[in-house]
Amino acid sequence: TNVITSCKKKSSDPDPVTPAATTSTICDGNGSGTFYPLTLNNTWHYQGSGSNAFSNTITGTTVYSGNTYFTVSGSLGGTMYLRKTTSGDIMAYNTGTSTEQMLVPASPTNGQSWTYTLDFAATRKVISTNASINTSSCHYTGCLKIQEFDSSGAGKAVMYYKKGVGMISTDEIWPGYLVTNLDAITLH
């Protein structure tokens with residue numbers, strides 16, 4: 001004889017546990033291969049000590065010299081105009097000089113430096129292509145560490161970038177003294 005049995009789930013039985021996602025956007029990004037994902041409405045929020053915080057949001061696009069740039073509006077004032085070239089470099093448009101300058105190279109090498117006259121700098125330099133940094137949100141590895149230098153060669157702001165995430169840490173508000181780290185992100 002065959003016996004067939006079945007069970008009916010009681011309303012008090014717990015639902016099966018769904019495993020938590022193993023990745024998060026703030027730690028692992030959106031899967032893009034760029035150091036600065038440029039899409040409308042992307043937002044990065046940075047928190048430092050106390051009430052020191054700011055955010056950058058891509059609010060629109062603007063055309064300069066025949067190229068379309070994403071408008072990145074900062075909560076502390078100021079605007080950056082960024083675009084990604086066909087080779088993957090992230091370029092910034094300097095409205096004061098009507099020139100384009102590289103912000104982040106697509107294929108950086110240790111020690112690589114280039115002219116960068118935005119943000120009171122003269123040059124930017126790749127300090128490391130495989131930096132690690134801890135924030136309150138994540139432990140990041142495989143990061144790009146870039147430092148800005150003034151015209152005398154003195155070191156200024158330091159930034160860390162992670163592919164698919166963007167800038168994850170900076171001391172650009174007060175170089176050498178106040179570090180702000182990515183603590184919230186919206187990527188589209």
# chains A, B, ... in the order shown; residues from 1 in each chain; ligands from 1
call {"tool": "closest_atom_pairs", "arguments": {"of": "segment 17-55 of chain A", "to": "segment 139-150 of chain A", "cutoff": "10 Å", "atoms": "only C-alpha atoms", "output": "tab-separated table"}}
result
residue	atom	partner	partner_atom	distance
A:Cys27	CA	A:Tyr140	CA	6.9
A:Asp28	CA	A:Tyr140	CA	8.5
A:Phe35	CA	A:Leu144	CA	8.2
call {"tool": "select_by_dssp", "arguments": {"residues": "chain A", "states": "alpha helix (DSSP H)", "output": "list in words"}}
result
Thr25, Ile26, Cys27 and Asp28 of chain A
call {"tool": "select_by_dssp", "arguments": {"residues": "segment 67-105 of chain A", "states": "strand (DSSP E or B)", "output": "ChimeraX atom specification"}}
result
/A:67-74,79-84,90-94,99-104
call {"tool": "write_last_selection", "arguments": {"atoms": "N, CA and C atoms", "output": "compact mmCIF listing (two decimals), in the first residue's frame"}}
result
# COMPACT_ATOMS: atom_id res chain seq x y z
N ASN A 67 31.41 68.70 -26.08
CA ASN A 67 31.34 67.50 -25.24
C ASN A 67 30.24 67.67 -24.18
N THR A 68 29.53 66.59 -23.89
CA THR A 68 28.51 66.60 -22.86
C THR A 68 29.12 66.17 -21.53
N TYR A 69 28.94 67.01 -20.53
CA TYR A 69 29.46 66.78 -19.19
C TYR A 69 28.30 66.60 -18.22
N PHE A 70 28.48 65.73 -17.24
CA PHE A 70 27.52 65.61 -16.16
C PHE A 70 27.79 66.73 -15.17
N THR A 71 26.74 67.37 -14.71
CA THR A 71 26.84 68.45 -13.73
C THR A 71 26.78 67.82 -12.34
N VAL A 72 27.86 67.95 -11.58
CA VAL A 72 27.93 67.40 -10.23
C VAL A 72 27.85 68.58 -9.27
N SER A 73 26.73 68.66 -8.55
CA SER A 73 26.48 69.77 -7.64
C SER A 73 26.85 69.35 -6.22
N GLY A 74 27.64 70.19 -5.56
CA GLY A 74 28.06 69.91 -4.20
C GLY A 74 27.17 70.63 -3.19
N THR A 79 30.33 73.45 -8.28
CA THR A 79 29.86 72.51 -9.29
C THR A 79 31.05 71.98 -10.06
N MET A 80 31.03 70.69 -10.35
CA MET A 80 32.03 70.08 -11.22
C MET A 80 31.32 69.63 -12.49
N TYR A 81 32.05 69.64 -13.59
CA TYR A 81 31.52 69.14 -14.86
C TYR A 81 32.41 67.99 -15.28
N LEU A 82 31.86 66.78 -15.28
CA LEU A 82 32.65 65.57 -15.53
C LEU A 82 32.10 64.79 -16.71
N ARG A 83 33.00 64.14 -17.43
CA ARG A 83 32.60 63.21 -18.49
C ARG A 83 33.59 62.06 -18.54
N LYS A 84 33.12 60.97 -19.09
CA LYS A 84 33.96 59.79 -19.28
C LYS A 84 34.31 59.71 -20.76
N ILE A 90 38.18 59.85 -16.65
CA ILE A 90 37.18 60.80 -16.17
C ILE A 90 37.81 62.19 -16.29
N MET A 91 37.16 63.03 -17.08
CA MET A 91 37.67 64.36 -17.37
C MET A 91 36.81 65.40 -16.66
N ALA A 92 37.45 66.49 -16.23
CA ALA A 92 36.76 67.62 -15.59
C ALA A 92 36.93 68.83 -16.48
N TYR A 93 35.86 69.59 -16.65
CA TYR A 93 35.93 70.82 -17.44
C TYR A 93 36.15 72.00 -16.51
N ASN A 94 37.17 72.80 -16.81
CA ASN A 94 37.50 74.00 -16.05
C ASN A 94 36.84 75.18 -16.74
N THR A 99 39.13 74.75 -20.40
CA THR A 99 39.95 73.59 -20.75
C THR A 99 39.44 72.35 -20.03
N GLU A 100 39.81 71.22 -20.56
CA GLU A 100 39.46 69.95 -19.97
C GLU A 100 40.71 69.33 -19.35
N GLN A 101 40.55 68.77 -18.15
CA GLN A 101 41.68 68.17 -17.46
C GLN A 101 41.26 66.82 -16.90
N MET A 102 42.19 65.88 -16.88
CA MET A 102 41.87 64.57 -16.35
C MET A 102 41.70 64.63 -14.84
N LEU A 103 40.59 64.06 -14.36
CA LEU A 103 40.34 63.94 -12.93
C LEU A 103 40.86 62.59 -12.43
N VAL A 104 40.47 61.50 -13.13
CA VAL A 104 40.86 60.15 -12.74
C VAL A 104 41.16 59.35 -14.01
call {"tool": "atom_distance", "arguments": {"atom1": "atom CA of Phe54 of chain A", "atom2": "atom CA of Ser75 of chain A"}}
result
5.6 Å
call {"tool": "closest_residue", "arguments": {"among": "A:Thr115, A:Thr109, A:Thr25, A:Thr43", "to": "Asn130 of chain A", "atoms": "only C-alpha atoms"}}
result
A:Thr109
call {"tool": "atom_distance", "arguments": {"atom1": "atom CA of Tyr46 of chain A", "atom2": "atom CA of Thr170 of chain A"}}
result
8.6 Å
